[in-house]
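Participant: Sending over input_2.cif (mmCIF, C-alpha atoms).
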data_query
#
loop_
_atom_site.label_atom_id
_atom_site.label_comp_id
_atom_site.auth_asym_id
_atom_site.auth_seq_id
_atom_site.Cartn_x
_atom_site.Cartn_y
_atom_site.Cartn_z
CA MET A 1 -42.75 -143.00 60.60
CA CYS A 2 -43.44 -139.42 61.51
CA SER A 3 -44.91 -139.86 64.99
CA ILE A 4 -42.11 -142.22 66.02
CA GLU A 5 -39.43 -139.95 64.62
CA ALA A 6 -40.77 -136.93 66.47
CA SER A 7 -40.83 -138.82 69.75
CA LEU A 8 -37.16 -139.75 69.35
CA GLY A 9 -36.03 -136.16 69.01
CA MET A 10 -35.39 -136.42 65.30
CA ALA A 11 -34.66 -133.41 63.15
CA SER A 12 -35.63 -133.18 59.49
CA SER A 13 -34.67 -131.31 56.38
CA THR A 14 -36.12 -131.24 52.90
CA ALA A 15 -34.23 -133.67 50.71
CA ALA A 16 -33.29 -133.05 47.11
CA ALA A 17 -35.40 -134.91 44.56
CA PRO A 18 -34.24 -138.50 45.07
CA SER A 19 -32.18 -140.13 42.36
CA ILE A 20 -33.79 -143.52 41.84
CA VAL A 21 -32.26 -146.40 39.92
CA ALA A 22 -34.96 -148.86 38.90
CA GLN A 23 -35.54 -151.47 36.24
CA PRO A 24 -38.02 -150.25 33.61
CA SER A 25 -41.33 -152.03 34.11
CA LEU A 26 -43.91 -153.07 31.55
CA PHE A 27 -46.43 -153.70 34.33
CA GLY A 28 -48.31 -151.40 36.68
CA LEU A 29 -48.52 -148.60 34.12
CA ASP A 30 -52.34 -148.30 34.15
CA GLU A 31 -54.11 -145.30 35.60
CA PRO A 32 -54.12 -146.04 39.37
CA SER A 33 -57.30 -147.64 40.75
CA ILE A 34 -58.20 -149.87 43.69
CA ASP A 35 -60.42 -152.88 44.31
CA ALA A 36 -63.15 -151.29 46.43
CA ARG A 37 -64.78 -154.72 46.87
CA PHE A 38 -61.64 -156.25 48.45
CA CYS A 39 -62.22 -159.43 46.47
CA GLY A 40 -58.83 -161.01 47.21
CA LEU A 41 -58.50 -159.97 50.86
CA GLU A 42 -57.15 -162.64 53.23
CA ARG A 43 -57.08 -162.36 57.02
CA HIS A 44 -54.17 -163.78 59.00
CA VAL A 45 -55.13 -164.21 62.66
CA LEU A 46 -52.11 -163.81 64.93
CA ASP A 47 -52.48 -164.10 68.72
CA ARG A 48 -53.50 -161.94 71.69
CA GLY A 49 -56.21 -160.26 69.61
CA ALA A 50 -53.98 -159.21 66.69
CA TRP A 51 -54.66 -159.76 63.00
CA VAL A 52 -53.33 -158.74 59.58
CA ASP A 53 -55.33 -158.45 56.34
CA VAL A 54 -53.45 -158.81 53.04
CA GLN A 55 -54.60 -158.33 49.45
CA ARG A 56 -52.11 -158.76 46.63
CA GLY A 57 -52.38 -156.19 43.84
CA TRP A 58 -55.15 -154.24 45.58
CA LEU A 59 -53.99 -151.12 43.75
CA ARG A 60 -53.62 -151.30 39.97
CA GLY A 61 -51.23 -148.95 38.23
CA HIS A 62 -48.72 -149.15 41.07
CA GLN A 63 -45.80 -148.02 38.89
CA THR A 64 -47.72 -144.98 37.66
CA LEU A 65 -48.48 -143.94 41.25
CA PHE A 66 -44.87 -144.61 42.28
CA ASP A 67 -43.57 -142.32 39.52
CA ARG A 68 -46.01 -139.55 40.47
CA LEU A 69 -45.10 -139.77 44.15
CA ILE A 70 -41.36 -139.64 43.46
CA GLY A 71 -41.72 -136.40 41.53
CA ASN A 72 -44.34 -134.60 43.64
CA VAL A 73 -43.79 -135.44 47.32
CA GLU A 74 -41.72 -132.99 49.38
CA TRP A 75 -39.36 -135.66 50.66
CA GLU A 76 -37.72 -135.14 54.05
CA GLN A 77 -34.49 -136.61 55.36
CA HIS A 78 -34.69 -137.14 59.12
CA THR A 79 -31.71 -137.39 61.43
CA ARG A 80 -31.59 -138.87 64.92
CA PRO A 81 -29.09 -139.01 67.79
CA MET A 82 -27.10 -142.24 68.05
CA TYR A 83 -23.95 -142.82 70.07
CA GLU A 84 -23.47 -139.08 70.71
CA ARG A 85 -23.77 -138.11 67.06
CA MET A 86 -26.54 -137.43 64.56
CA VAL A 87 -27.12 -140.04 61.87
CA GLU A 88 -29.50 -140.08 58.91
CA VAL A 89 -32.65 -142.18 59.19
CA PRO A 90 -32.36 -144.81 56.44
CA ARG A 91 -35.40 -143.76 54.41
CA LEU A 92 -37.16 -140.59 53.26
CA THR A 93 -40.63 -139.57 54.41
CA GLY A 94 -43.30 -137.14 53.32
CA GLY A 95 -46.94 -136.14 53.57
CA ARG A 96 -49.84 -136.65 51.21
CA PRO A 97 -49.25 -134.90 47.88
CA SER A 98 -52.02 -132.71 46.51
CA GLY A 99 -53.13 -131.94 43.00
CA PRO A 100 -54.34 -133.94 40.01
CA GLY A 101 -53.13 -137.49 39.65
CA PHE A 102 -53.54 -138.42 43.31
CA GLU A 103 -57.31 -138.83 43.48
CA VAL A 104 -56.78 -142.57 44.00
CA LEU A 105 -55.49 -141.84 47.52
CA ASP A 106 -58.86 -140.36 48.49
CA VAL A 107 -60.66 -143.27 46.83
CA ALA A 108 -58.46 -145.71 48.75
CA ALA A 109 -59.11 -143.93 52.06
CA GLU A 110 -62.87 -143.99 51.43
CA ALA A 111 -62.82 -147.70 50.56
CA LEU A 112 -60.81 -148.51 53.70
CA ALA A 113 -63.23 -146.44 55.80
CA ALA A 114 -66.22 -148.31 54.39
CA ARG A 115 -64.54 -151.66 54.99
CA TYR A 116 -63.20 -151.08 58.50
CA GLY A 117 -65.55 -148.47 59.93
CA ALA A 118 -62.88 -145.83 60.61
CA ALA A 119 -61.97 -142.58 58.84
CA PHE A 120 -58.46 -143.00 57.42
CA GLU A 121 -57.70 -139.28 57.27
CA ARG A 122 -53.93 -139.33 57.92
CA ILE A 123 -51.91 -140.25 54.84
CA GLY A 124 -48.11 -140.34 54.78
CA VAL A 125 -45.43 -141.90 52.60
CA ALA A 126 -42.02 -143.48 53.14
CA LEU A 127 -39.45 -144.09 50.41
CA TYR A 128 -37.06 -147.04 50.60
CA ARG A 129 -34.54 -146.12 47.90
CA THR A 130 -32.34 -149.24 48.00
CA GLY A 131 -31.84 -152.30 50.15
CA ARG A 132 -29.86 -150.12 52.57
CA ASP A 133 -33.03 -148.25 53.55
CA SER A 134 -35.04 -149.87 56.34
CA VAL A 135 -37.19 -149.39 59.44
CA ALA A 136 -36.38 -151.13 62.72
CA TRP A 137 -38.73 -153.24 64.83
CA HIS A 138 -41.49 -151.07 66.29
CA GLY A 139 -45.21 -150.59 66.83
CA ASP A 140 -46.90 -147.40 65.64
CA GLN A 141 -46.37 -144.99 68.54
CA ILE A 142 -49.87 -143.54 68.86
CA ALA A 143 -51.69 -146.72 67.81
CA ARG A 144 -49.88 -148.92 70.32
CA GLU A 145 -51.29 -146.83 73.18
CA ARG A 146 -54.83 -147.88 72.20
CA HIS A 147 -56.46 -151.21 73.00
CA GLN A 148 -57.18 -151.74 69.30
CA ALA A 149 -56.01 -149.75 66.28
CA LEU A 150 -55.85 -149.82 62.49
CA VAL A 151 -52.90 -149.01 60.23
CA ALA A 152 -53.16 -149.68 56.48
CA THR A 153 -50.23 -149.62 54.04
CA VAL A 154 -50.21 -149.85 50.26
CA SER A 155 -46.82 -150.71 48.74
CA VAL A 156 -45.92 -149.36 45.30
CA GLY A 157 -42.71 -150.02 43.44
CA GLU A 158 -40.55 -153.10 43.99
CA PRO A 159 -41.35 -155.65 46.73
CA ARG A 160 -39.56 -155.58 50.10
CA LYS A 161 -39.71 -157.99 52.99
CA PHE A 162 -42.18 -156.97 55.71
CA CYS A 163 -41.70 -158.76 59.04
CA LEU A 164 -43.87 -159.26 62.14
CA ARG A 165 -42.88 -160.68 65.52
CA PRO A 166 -44.70 -160.97 68.86
CA LYS A 167 -43.50 -158.59 71.58
CA ASN A 168 -43.55 -161.36 74.19
CA GLY A 169 -41.21 -163.57 72.16
CA GLY A 170 -41.78 -166.25 69.58
CA PRO A 171 -41.16 -166.84 65.89
CA SER A 172 -41.42 -163.98 63.42
CA ARG A 173 -43.42 -163.98 60.20
CA SER A 174 -42.60 -162.27 56.93
CA MET A 175 -44.03 -161.50 53.52
CA HIS A 176 -42.87 -159.52 50.51
CA LEU A 177 -44.98 -156.44 49.77
CA GLY A 178 -44.93 -154.31 46.62
CA HIS A 179 -46.65 -153.90 43.24
CA GLY A 180 -49.82 -152.44 44.81
CA ASP A 181 -50.17 -154.90 47.71
CA LEU A 182 -52.32 -153.87 50.68
CA VAL A 183 -51.65 -154.82 54.30
CA VAL A 184 -53.90 -153.75 57.18
CA MET A 185 -52.73 -154.31 60.76
CA GLY A 186 -55.63 -154.42 63.18
CA GLY A 187 -56.87 -155.47 66.57
CA THR A 188 -54.07 -155.34 69.14
CA CYS A 189 -51.33 -155.68 66.51
CA GLN A 190 -49.59 -152.38 67.34
CA ARG A 191 -49.49 -153.21 71.07
CA THR A 192 -48.68 -156.91 71.00
CA TRP A 193 -46.59 -157.28 67.84
CA ASP A 194 -43.69 -155.35 66.28
CA HIS A 195 -43.09 -154.93 62.57
CA ALA A 196 -40.05 -154.00 60.49
CA VAL A 197 -38.63 -153.64 56.98
CA PRO A 198 -35.08 -155.01 57.33
CA LYS A 199 -32.02 -154.07 55.31
CA VAL A 200 -31.18 -156.40 52.43
CA ALA A 201 -28.19 -156.72 50.13
CA GLN A 202 -30.06 -155.54 47.06
CA ALA A 203 -33.55 -154.19 46.39
CA GLY A 204 -35.34 -151.87 44.01
CA PRO A 205 -37.08 -148.70 45.24
CA ARG A 206 -40.39 -148.99 47.09
CA ILE A 207 -42.82 -146.45 48.52
CA ALA A 208 -45.10 -147.30 51.44
CA VAL A 209 -48.33 -145.25 51.43
CA MET A 210 -49.68 -145.33 54.98
CA PHE A 211 -53.29 -144.66 55.97
CA ARG A 212 -54.18 -144.05 59.64
CA PRO A 213 -57.32 -142.86 61.39
CA ILE A 214 -57.19 -139.69 63.51
CA TRP A 215 -57.65 -140.81 67.11
#
Please express the file's structure as structure tokens.

Facilitator:
Amino acid sequence: MCSIEASLGMASSTAAAPSIVAQPSLFGLDEPSIDARFCGLERHVLDRGAWVDVQRGWLRGHQTLFDRLIGNVEWEQHTRPMYERMVEVPRLTGGRPSGPGFEVLDVAAEALAARYGAAFERIGVALYRTGRDSVAWHGDQIARERHQALVATVSVGEPRKFCLRPKNGGPSRSMHLGHGDLVVMGGTCQRTWDHAVPKVAQAGPRIAVMFRPIW
């Protein structure tokens, strides 16, 4: 995620349009829209003041939005120092695309703001091309410095495992997110829990669309 990558001294370069191998889908091809009423939202209370809200299929037309993002985002490949050499970060990242076809991102941000009482004005994206792409255990760098914070993610494309574990030790939890699923981490989640998308042997491409308030 951009703030974390900057803090680790990462460099970036614009990546070529990613070559994505995916199974053709007959689902998720509607014009993208969201459930502004959050009818299927479920809250999972963790501990130490942390919680996670999840709604399956919150965004309809997930495949349509995925295809538009792939072709219109200026994807960046970050590198970072590791063991005295520079290695590629195992995912691509980018900012909010502009232009027609992406109005649903503004609608989503407005719905999240109305629900949670915060202006979700920072929108970024991360592309997990295959099961080799991942993100290690972490808490959002800026958010974890606050007593309470909100980070919302909508997953489009194929599902990937999303894991949570308490920073003070204890069992981890996991769920598969994709196909327009929404997850909102709130309360003390960024300070008291870590989250990750681990590598897997095989997985289809997924894009995480991340919404954050400006603090």

Participant: Give as a PyMOL selection string the residues that the PyMOL selection byres ((chain A and resi 182-196) around 9) matches when applied to the coordinates above.

Facilitator: chain A and resi 41+46-59+134-155+161-168+177-178+180-181+197-198

Participant: Go ahead and compute the interatomic distance for atom CA of Pro97 of chain A and atom CA of Pro32 of chain A, in Å to one decimal.

Facilitator: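 Computing it gives 14.8 Å between the two atoms.
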
Participant: Just the number, please: distance in Å from atom CA of Tyr128 of chain A to atom CA of Gln202 of chain A, one decimal.

Facilitator: 11.6 Å

Participant: Spell out the residues picked by the PyMOL selection byres ((chain A and resi 106-119) around 10) here, as a PyMOL selection string.

Facilitator: chain A and resi 33-38+58-59+102-105+120-123+149-150+152+154+184+186+210-215
